[in-house]
$ cat target20.txt   # compact mmCIF, C-alpha atoms
# COMPACT_ATOMS: atom_id res chain seq x y z
CA MET A 206 69.77 90.59 71.14
CA ASP A 207 72.57 92.79 72.47
CA LEU A 208 75.60 91.15 74.04
CA ALA A 209 75.09 92.41 77.60
CA ARG A 210 71.58 90.98 77.60
CA GLN A 211 72.85 87.64 76.31
CA ILE A 212 75.38 87.48 79.14
CA LYS A 213 72.78 88.37 81.74
CA GLU A 214 70.42 85.70 80.44
CA LEU A 215 73.17 83.09 80.45
CA VAL A 216 74.17 83.85 84.05
CA ALA A 217 70.53 84.02 85.12
CA ARG A 218 70.06 80.47 83.83
CA GLN A 219 73.22 79.56 85.73
CA ALA A 220 72.22 81.21 89.01
CA ASP A 221 71.26 78.04 90.89
CA GLU A 222 74.35 76.24 89.63
CA LEU A 223 76.58 79.13 90.69
CA VAL A 224 75.16 78.91 94.21
CA ALA A 225 75.71 75.15 94.22
CA ILE A 226 79.32 75.54 93.03
CA ARG A 227 80.06 78.20 95.61
CA ARG A 228 78.56 76.15 98.43
CA HIS A 229 80.47 73.04 97.36
CA LEU A 230 83.73 74.99 97.36
CA HIS A 231 82.84 76.64 100.66
CA ALA A 232 82.16 73.29 102.30
CA HIS A 233 85.46 71.82 101.04
CA PRO A 234 88.13 74.49 101.64
CA GLU A 235 91.83 73.78 101.26
CA LEU A 236 94.79 75.75 102.56
CA SER A 237 97.36 77.53 100.40
CA PHE A 238 99.25 75.24 98.02
CA GLU A 239 97.10 72.29 99.15
CA GLU A 240 94.18 72.95 96.77
CA HIS A 241 94.28 69.52 95.10
CA GLU A 242 90.55 68.74 95.24
CA THR A 243 89.63 72.30 94.36
CA ALA A 244 91.87 72.22 91.28
CA GLU A 245 90.39 68.89 90.20
CA PHE A 246 86.89 70.31 90.60
CA VAL A 247 87.80 73.31 88.43
CA LYS A 248 89.41 71.12 85.79
CA SER A 249 86.40 68.81 85.66
CA ARG A 250 84.02 71.72 85.00
CA LEU A 251 86.24 73.25 82.34
CA THR A 252 86.71 69.88 80.65
CA GLU A 253 82.96 69.29 80.73
CA TRP A 254 82.53 72.52 78.75
CA GLY A 255 85.04 71.42 76.11
CA LEU A 256 88.05 73.37 77.34
CA ALA A 257 91.55 71.97 77.86
CA PRO A 258 92.74 72.98 81.35
CA LYS A 259 96.38 72.57 82.31
CA PRO A 260 98.07 72.55 85.72
CA ILE A 261 100.26 75.44 86.83
CA ALA A 262 102.04 76.38 90.05
CA GLY A 263 101.38 72.94 91.55
CA THR A 264 97.72 73.26 92.45
CA GLY A 265 96.66 75.93 89.98
CA VAL A 266 94.81 75.66 86.67
CA VAL A 267 95.03 77.59 83.41
CA ALA A 268 92.89 77.34 80.31
CA LEU A 269 92.29 79.27 77.10
CA ILE A 270 89.05 80.27 75.42
CA GLU A 271 89.78 81.21 71.83
CA GLY A 272 87.43 83.44 69.88
CA GLN A 273 87.77 84.60 66.30
CA HIS A 274 91.41 85.37 65.36
CA PRO A 275 92.78 84.16 68.73
CA GLU A 276 96.20 85.69 68.07
CA LYS A 277 94.79 89.21 67.87
CA LYS A 278 94.64 90.07 71.59
CA THR A 279 94.61 88.27 74.94
CA VAL A 280 92.85 89.18 78.17
CA ALA A 281 93.57 87.21 81.35
CA LEU A 282 91.03 86.69 84.13
CA ARG A 283 92.32 85.55 87.52
CA ALA A 284 90.75 83.87 90.55
CA ASP A 285 92.36 82.40 93.67
CA LEU A 286 91.62 78.98 95.13
CA ASP A 287 92.89 78.82 98.71
CA ALA A 288 91.19 79.15 102.09
CA LEU A 289 92.34 80.32 105.53
CA PRO A 290 93.19 78.55 108.81
CA ILE A 291 90.02 79.77 110.56
CA GLN A 292 87.31 77.80 112.37
CA GLU A 293 83.94 78.72 110.86
CA VAL A 294 80.75 79.28 112.85
CA ASP A 295 78.56 76.20 112.65
CA ASP A 296 75.10 77.55 111.83
CA ARG A 297 75.23 77.18 108.03
CA SER A 298 74.15 74.22 105.93
CA TYR A 299 77.14 74.79 103.64
CA ARG A 300 79.68 75.43 106.42
CA SER A 301 83.19 74.05 106.12
CA THR A 302 83.50 70.30 106.61
CA ARG A 303 87.18 70.68 107.48
CA PRO A 304 87.93 71.73 111.06
CA GLY A 305 90.03 74.87 111.29
CA VAL A 306 89.85 75.66 107.56
CA MET A 307 87.42 78.16 106.04
CA HIS A 308 86.84 80.24 102.93
CA ALA A 309 86.87 83.40 105.03
CA CYS A 310 88.20 85.66 102.28
CA GLY A 311 85.76 84.84 99.51
CA HIS A 312 88.04 82.82 97.28
CA ASP A 313 85.19 80.35 96.81
CA VAL A 314 83.27 83.28 95.31
CA HIS A 315 86.18 84.25 93.08
CA THR A 316 86.54 80.71 91.75
CA THR A 317 82.79 80.42 91.20
CA SER A 318 82.69 83.75 89.36
CA LEU A 319 85.51 82.78 87.04
CA LEU A 320 83.94 79.39 86.33
CA GLY A 321 80.68 81.15 85.53
CA ALA A 322 82.48 83.64 83.31
CA ALA A 323 84.27 80.79 81.54
CA TYR A 324 80.96 79.10 80.76
CA VAL A 325 79.53 82.32 79.34
CA LEU A 326 82.60 83.20 77.30
CA ASN A 327 82.78 79.70 75.87
CA GLN A 328 79.16 80.02 74.75
CA LEU A 329 79.89 83.36 73.09
CA ARG A 330 83.32 82.65 71.61
CA ASP A 331 82.10 83.48 68.11
CA GLN A 332 81.29 87.02 69.24
CA PHE A 333 84.77 88.23 70.17
CA GLU A 334 88.20 88.39 68.57
CA GLY A 335 91.16 87.16 70.56
CA THR A 336 91.78 84.87 73.51
CA VAL A 337 90.69 84.79 77.13
CA LYS A 338 93.21 83.21 79.49
CA LEU A 339 91.70 81.77 82.66
CA ILE A 340 94.07 81.67 85.66
CA PHE A 341 92.88 79.79 88.75
CA GLN A 342 95.76 80.54 91.07
CA PRO A 343 96.80 78.74 94.28
CA GLY A 344 98.27 80.19 97.44
CA GLU A 345 97.19 83.83 97.51
CA GLU A 346 97.14 83.81 101.31
CA LYS A 347 100.66 82.50 101.88
CA ALA A 348 104.09 83.83 100.94
CA PRO A 349 105.67 83.77 98.43
CA GLY A 350 102.19 83.98 96.87
CA GLY A 351 100.90 81.76 94.11
CA ALA A 352 101.11 84.63 91.65
CA THR A 353 104.91 84.49 91.81
CA LEU A 354 104.82 80.81 90.80
CA VAL A 355 102.31 81.42 88.02
CA ILE A 356 104.56 84.12 86.60
CA LYS A 357 107.73 82.02 87.04
CA GLU A 358 106.13 79.09 85.21
CA GLY A 359 105.10 81.23 82.23
CA GLY A 360 101.50 81.92 83.15
CA LEU A 361 101.80 85.38 81.62
CA GLU A 362 103.25 84.01 78.39
CA SER A 363 102.07 81.88 75.45
CA PRO A 364 100.02 83.94 74.90
CA ARG A 365 101.05 87.01 76.84
CA PRO A 366 97.97 88.93 78.00
CA ASN A 367 97.50 92.53 76.95
CA ALA A 368 95.67 93.00 80.26
CA ILE A 369 94.81 91.01 83.36
CA VAL A 370 91.69 91.47 85.50
CA GLY A 371 91.05 90.30 89.06
CA GLN A 372 87.90 90.47 91.18
CA HIS A 373 87.64 90.33 94.99
CA VAL A 374 84.68 90.33 97.36
CA MET A 375 84.07 93.44 99.45
CA PRO A 376 81.73 93.16 102.46
CA LEU A 377 81.71 96.95 102.84
CA ILE A 378 79.92 97.31 99.49
CA GLU A 379 76.28 96.39 99.05
CA ALA A 380 75.53 93.35 96.89
CA GLY A 381 74.61 94.54 93.42
CA LYS A 382 77.39 97.10 93.30
CA VAL A 383 81.08 96.98 92.37
CA GLY A 384 84.02 99.28 93.10
CA PHE A 385 86.94 100.52 90.99
CA ARG A 386 90.06 102.60 91.58
CA SER A 387 92.78 103.85 89.23
CA GLY A 388 96.45 103.91 90.20
CA MET A 389 97.71 103.01 93.68
CA TYR A 390 95.22 100.77 95.43
CA MET A 391 96.72 98.25 97.89
CA ALA A 392 99.93 98.21 99.91
CA SER A 393 103.05 96.13 99.93
CA ALA A 394 103.38 93.99 103.07
CA ASP A 395 106.67 92.97 104.66
CA GLU A 396 107.01 91.09 107.95
CA LEU A 397 109.44 92.03 110.72
CA TYR A 398 110.74 89.49 113.24
CA VAL A 399 112.90 91.04 115.96
CA THR A 400 114.72 89.61 118.98
CA VAL A 401 116.18 92.06 121.49
CA LYS A 402 118.64 90.47 123.92
CA GLY A 403 119.83 91.91 127.19
CA LYS A 404 120.64 90.50 130.63
CA GLY A 405 117.82 89.39 132.88
CA GLY A 406 117.60 89.44 136.62
CA HIS A 407 115.64 90.61 139.63
CA GLY A 408 113.26 93.50 138.99
CA ALA A 409 114.37 95.12 142.25
CA MET A 410 117.97 95.40 141.03
CA PRO A 411 117.77 97.05 137.58
CA GLU A 412 121.36 98.28 137.87
CA MET A 413 122.50 94.66 137.65
CA ASN A 414 120.57 94.00 134.44
CA ILE A 415 120.30 95.11 130.83
CA ASP A 416 116.56 95.41 130.49
CA PRO A 417 115.41 94.16 127.03
CA ILE A 418 111.83 95.28 127.71
CA LEU A 419 112.90 98.88 128.15
CA ILE A 420 115.22 98.68 125.15
CA ALA A 421 112.57 97.10 122.91
CA SER A 422 110.04 99.72 123.99
CA HIS A 423 112.38 102.52 122.96
CA MET A 424 113.02 100.71 119.69
CA VAL A 425 109.31 100.43 118.83
CA VAL A 426 108.78 104.14 119.48
CA ALA A 427 111.94 105.17 117.61
CA LEU A 428 111.07 103.13 114.52
CA GLN A 429 107.82 105.07 114.13
CA GLN A 430 109.95 108.15 113.40
CA ILE A 431 111.01 106.56 110.12
CA VAL A 432 107.40 106.74 108.98
CA SER A 433 106.64 110.14 110.52
CA ARG A 434 109.89 111.91 109.63
CA ASN A 435 111.52 110.10 106.68
CA ALA A 436 108.56 109.05 104.55
CA ASN A 437 107.18 111.36 101.90
CA PRO A 438 103.80 112.31 103.40
CA LYS A 439 102.24 111.78 99.96
CA ILE A 440 103.14 108.07 100.12
CA PRO A 441 100.94 106.00 102.47
CA SER A 442 103.08 104.12 105.00
CA VAL A 443 102.16 102.02 108.04
CA LEU A 444 104.42 100.37 110.62
CA SER A 445 102.71 98.22 113.24
CA PHE A 446 103.98 95.76 115.83
CA GLY A 447 101.33 93.26 116.84
CA ARG A 448 103.36 90.88 118.97
CA PHE A 449 105.61 91.70 121.94
CA ILE A 450 106.63 88.71 124.07
CA ALA A 451 108.63 89.16 127.27
CA GLU A 452 108.70 86.00 129.36
CA GLY A 453 109.33 87.67 132.69
CA ALA A 454 107.23 88.29 135.80
CA THR A 455 106.34 91.14 138.14
CA ASN A 456 109.80 90.93 139.70
CA VAL A 457 111.72 89.19 136.90
CA ILE A 458 113.38 90.95 133.98
CA PRO A 459 113.83 88.43 131.13
CA ASN A 460 116.93 87.90 129.08
CA GLN A 461 115.27 88.74 125.81
CA VAL A 462 112.15 90.10 124.13
CA TYR A 463 110.59 88.89 120.86
CA LEU A 464 108.56 91.14 118.54
CA GLU A 465 106.67 90.73 115.27
CA GLY A 466 105.41 93.52 113.05
CA THR A 467 104.51 94.59 109.56
CA PHE A 468 105.54 97.45 107.29
CA ARG A 469 103.26 98.52 104.44
CA THR A 470 103.58 101.20 101.80
CA MET A 471 102.80 102.04 98.18
CA ASP A 472 106.18 102.87 96.68
CA GLU A 473 108.78 100.20 95.93
CA ALA A 474 111.85 102.48 96.21
CA TRP A 475 110.69 103.88 99.57
CA ARG A 476 109.77 100.38 100.73
CA LYS A 477 113.34 99.19 100.23
CA ASP A 478 114.86 102.33 101.78
CA ALA A 479 112.55 102.25 104.81
CA LEU A 480 113.33 98.64 105.63
CA GLN A 481 117.06 99.33 105.50
CA ARG A 482 116.61 102.35 107.77
CA MET A 483 114.58 100.30 110.25
CA LYS A 484 117.17 97.59 110.51
CA LYS A 485 120.02 100.07 110.91
CA MET A 486 118.14 102.15 113.52
CA ALA A 487 117.02 99.13 115.53
CA GLU A 488 120.45 97.56 115.69
CA GLY A 489 122.17 100.84 116.51
CA LEU A 490 119.71 101.90 119.20
CA VAL A 491 119.70 98.52 120.91
CA GLU A 492 123.50 98.38 120.89
CA SER A 493 123.71 101.91 122.33
CA MET A 494 121.60 100.73 125.28
CA GLY A 495 123.80 97.72 125.94
CA GLY A 496 121.82 94.99 124.19
CA THR A 497 121.96 93.10 120.91
CA CYS A 498 119.35 92.90 118.19
CA GLU A 499 118.41 90.35 115.53
CA PHE A 500 116.25 92.21 113.01
CA ASN A 501 114.90 89.88 110.32
CA ILE A 502 112.83 91.03 107.37
CA VAL A 503 110.61 88.63 105.40
CA GLU A 504 109.74 90.23 102.09
CA GLY A 505 106.05 90.09 101.23
CA TYR A 506 103.89 91.21 98.33
CA PRO A 507 104.58 94.44 96.39
CA PHE A 508 102.06 97.27 96.25
CA LEU A 509 99.15 96.88 93.87
CA LYS A 510 98.74 99.46 91.13
CA ASN A 511 95.78 99.52 88.77
CA ASP A 512 96.71 100.70 85.31
CA PRO A 513 94.93 104.09 85.07
CA ASP A 514 93.81 103.74 81.45
CA LEU A 515 92.66 100.15 81.88
CA ALA A 516 90.87 100.85 85.16
CA GLN A 517 89.00 103.79 83.65
CA THR A 518 88.04 101.77 80.60
CA LEU A 519 86.80 98.82 82.66
CA ARG A 520 84.89 101.11 84.99
CA GLY A 521 83.08 102.46 81.95
CA TYR A 522 82.29 98.92 80.80
CA ALA A 523 81.00 98.08 84.29
CA GLU A 524 78.69 101.11 84.16
CA GLU A 525 77.38 99.85 80.81
CA TYR A 526 76.63 96.44 82.29
CA LEU A 527 75.35 97.38 85.77
CA GLY A 528 74.36 101.03 85.47
CA ALA A 529 76.45 103.98 86.68
CA GLU A 530 74.59 104.02 90.01
CA ASN A 531 75.96 100.57 90.81
CA VAL A 532 79.65 101.39 90.25
CA VAL A 533 81.39 103.14 93.16
CA ASP A 534 84.82 104.63 93.85
CA LEU A 535 87.28 102.74 96.04
CA ASP A 536 89.68 104.36 98.48
CA MET A 537 93.27 103.19 98.95
CA TRP A 538 93.53 100.21 101.26
CA MET A 539 96.60 99.20 103.27
CA ALA A 540 95.87 95.48 103.08
CA ALA A 541 97.95 93.39 100.69
CA GLU A 542 97.13 91.04 97.84
CA ASP A 543 99.40 88.92 95.66
CA PHE A 544 97.53 89.99 92.51
CA ALA A 545 99.96 92.91 92.92
CA TYR A 546 102.70 90.84 91.28
CA TYR A 547 100.73 90.73 88.02
CA THR A 548 100.30 94.51 88.11
CA HIS A 549 104.07 94.95 87.85
CA HIS A 550 104.24 92.82 84.68
CA VAL A 551 101.24 93.68 82.52
CA PRO A 552 98.47 96.32 82.56
CA ALA A 553 96.11 95.19 85.31
CA CYS A 554 92.92 96.06 87.13
CA PHE A 555 91.76 94.67 90.47
CA TYR A 556 88.20 95.62 91.38
CA ARG A 557 85.70 94.80 94.13
CA LEU A 558 82.46 92.83 94.11
CA GLY A 559 79.91 93.96 96.69
CA THR A 560 78.59 91.15 98.92
CA ARG A 561 76.95 93.03 101.83
CA ASN A 562 73.31 92.67 102.87
CA GLU A 563 72.50 94.48 106.11
CA ALA A 564 68.87 93.32 106.13
CA ARG A 565 70.11 89.73 106.31
CA GLN A 566 72.96 90.67 108.67
CA ILE A 567 75.60 89.69 106.12
CA THR A 568 78.12 92.31 107.19
CA SER A 569 81.14 90.47 108.67
CA SER A 570 84.61 91.37 107.49
CA VAL A 571 86.84 89.00 105.57
CA HIS A 572 89.22 86.85 107.65
CA THR A 573 86.61 86.34 110.37
CA PRO A 574 84.75 83.12 111.33
CA THR A 575 81.39 84.75 110.58
CA PHE A 576 82.22 85.98 107.06
CA ASP A 577 79.56 85.19 104.45
CA ILE A 578 78.13 86.73 101.29
CA ASP A 579 74.79 87.62 99.79
CA GLU A 580 74.73 85.01 97.04
CA SER A 581 72.83 87.34 94.73
CA ALA A 582 76.34 88.68 94.02
CA LEU A 583 77.36 85.46 92.24
CA PRO A 584 75.61 86.10 88.88
CA ILE A 585 76.92 89.66 88.97
CA GLY A 586 80.46 88.44 89.61
CA ALA A 587 80.33 85.88 86.81
CA GLY A 588 78.54 88.09 84.32
CA LEU A 589 80.68 91.16 84.89
CA MET A 590 83.93 89.22 84.50
CA ALA A 591 82.68 87.83 81.20
CA TRP A 592 81.52 91.28 80.09
CA LEU A 593 84.82 92.97 80.97
CA ALA A 594 86.73 90.37 78.98
CA ILE A 595 84.48 90.34 75.95
CA ARG A 596 84.26 94.15 75.73
CA GLN A 597 88.04 94.31 75.49
CA LEU A 598 87.99 91.76 72.67
CA GLN A 599 85.16 93.07 70.56
CA PRO A 600 86.09 93.87 66.94

$ encode --input "target20.txt" --output "structure tokens"
Amino acid sequence: MDLARQIKELVARQADELVAIRRHLHAHPELSFEEHETAEFVKSRLTEWGLAPKPIAGTGVVALIEGQHPEKKTVALRADLDALPIQEVDDRSYRSTRPGVMHACGHDVHTTSLLGAAYVLNQLRDQFEGTVKLIFQPGEEKAPGGATLVIKEGGLESPRPNAIVGQHVMPLIEAGKVGFRSGMYMASADELYVTVKGKGGHGAMPEMNIDPILIASHMVVALQQIVSRNANPKIPSVLSFGRFIAEGATNVIPNQVYLEGTFRTMDEAWRKDALQRMKKMAEGLVESMGGTCEFNIVEGYPFLKNDPDLAQTLRGYAEEYLGAENVVDLDMWMAAEDFAYYTHHVPACFYRLGTRNEARQITSSVHTPTFDIDESALPIGAGLMAWLAIRQLQP
């Protein structure tokens, strides 16, 4: 029996259990860096299968599956454990049992897929050469990102992986399909917190005031010029302000205005330069108009780059396993993901698992209270992860 068929038969026998695991995790979500019960659940399953899981990054878990000649090569597979502070809709039997907390980004699916892959790989450990490192990572949704802690605590050492692979749900792709992209894929994401101070007063006497609303408005418009006139047009860049608070009234100019925004791009040198330019421009413009400015930058995740050779190789393996018609191209996406940290340390590939089913109205985006998946994607997610690992480790 060929290896792909063995994997498919193993995950087919697991299908009901994969659904049960996913629904258990979905019903018991935990926020970033609070995934204590989730980590214990993962460890119990791995231990049950004869593996030796170890804690990492507080509420994370790592384990090794050693095949023949384990020192020969190592491939890491990563899943994330945390949920989001979102109140789920209440019309599902497996809905969250924790008010205000929900697996709205599919991390329950990622954890289930990696557990399923671990079971398969452990069953087939005599059919590959090398080691598979399982990384169940906490805190993807919250800075500084659990990936930074995994790396700091040696998660990419002893053994050091030759490649790392991550999988993420994609509600824009039909269940049964997966998506790949080589090179630049996801953006860096930095947060901007700005306070513009002036001098408030009566709206009918503007000459007596220093209007922070007017100043902040000019600042928001001016900062867009950094993207439109300083950025290389070949480098994707986005600057957006989503919060603008001015506690005045129809006839009251406030003393200050508070803004929050985000800057995203796909080049680390330009990212650093752009942020410096923004701070300098904001402070100078506000001062020139008579106000003062506190411009604070909170550094977020770097941009995510898929190693071109690895991504092309894994895409080919995915076509072998699923058929070429079920592997699609991904476009660049300006969202951020802390898997990006791994991509700056070892060759990496982050791909997408389709979860959409329009006939069943499973179409909601991630990070929404109605997000759900077509659970037929679970055996695909588990089987493909196992296949991508084992194909890299075949003699």

$ residues_near_point --input "target20.txt" --point "(72.9, 78.8, 84.1)" --cutoff "12 Å" --atoms "all atoms listed in the file" --output "list in words"
Gln211, Ile212, Lys213, Glu214, Leu215, Val216, Ala217, Arg218, Gln219, Ala220, Asp221, Glu222, Leu223, Val224, Ala225, Ile226, Leu320, Gly321, Ala322, Ala323, Tyr324, Val325, Gln328, Leu583, Pro584, Ala587 and Gly588 of chain A

$ residues_around --input "target20.txt" --residues "A:Met410" --least-positions-apart "4" --cutoff "10 Å" --atoms "all atoms listed in the file" --output "JSON, numbers by chain"
{"A": [406, 414, 456, 457, 458]}

$ residues_around --input "target20.txt" --residues "A:Leu419" --least-positions-apart "6" --cutoff "10 Å" --atoms "all atoms listed in the file" --output "mmCIF file with C-alpha atoms, keeping the file's coordinate frame"
data_model
loop_
_atom_site.group_PDB
_atom_site.id
_atom_site.type_symbol
_atom_site.label_atom_id
_atom_site.label_comp_id
_atom_site.auth_asym_id
_atom_site.auth_seq_id
_atom_site.Cartn_x
_atom_site.Cartn_y
_atom_site.Cartn_z
ATOM 1 C CA GLY A 403 119.830 91.910 127.190
ATOM 2 C CA ILE A 458 113.380 90.950 133.980
ATOM 3 C CA VAL A 462 112.150 90.100 124.130
ATOM 4 C CA VAL A 491 119.700 98.520 120.910
ATOM 5 C CA MET A 494 121.600 100.730 125.280
#

$ atom_distance --input "target20.txt" --atom1 "atom CA of A:Tyr546" --atom2 "atom CA of A:Gly351"
9.7 Å

$ atom_distance --input "target20.txt" --atom1 "atom CA of A:Val503" --atom2 "atom CA of A:Met539"
17.7 Å

$ closest_residue --input "target20.txt" --among "A:Ala394, A:Ala553, A:Ala454, A:Val314" --to "A:Leu480" --atoms "only C-alpha atoms"
A:Ala394

$ closest_residue --input "target20.txt" --among "A:Gly489, A:Gly505, A:Gly528, A:Pro513" --to "A:Ala348" --atoms "all atoms listed in the file"
A:Gly505

$ residues_around --input "target20.txt" --residues "stretch 495-501 of chain A" --least-positions-apart "2" --cutoff "9 Å" --atoms "all atoms listed in the file" --output "number ranges by chain"
A: 396-404, 415-417, 420, 483-485, 487-493, 503

$ residues_around --input "target20.txt" --residues "A:Gly305" --least-positions-apart "4" --cutoff "7 Å" --atoms "all atoms listed in the file" --output "PyMOL selection string"
chain A and resi 290-292

$ residues_around --input "target20.txt" --residues "stretch 361-376 of chain A" --least-positions-apart "2" --cutoff "7 Å" --atoms "all atoms listed in the file" --output "PyMOL selection string"
chain A and resi 278-284+311+315+356+359+378+551-561+568-570

$ closest_atom_pairs --input "target20.txt" --of "stretch 281-332 of chain A" --to "stretch 246-249 of chain A" --cutoff "10 Å" --atoms "all atoms listed in the file" --output "CSV"
residue,atom,partner,partner_atom,distance
A:Leu286,CA,A:Val247,CA,9.6
A:Thr316,CA,A:Val247,CA,8.2
A:Thr317,CA,A:Val247,CA,9.1
A:Leu319,CA,A:Val247,CA,9.8
A:Leu320,CA,A:Val247,CA,7.5

$ atom_distance --input "target20.txt" --atom1 "atom CA of A:Gly405" --atom2 "atom CA of A:Val425"
19.8 Å
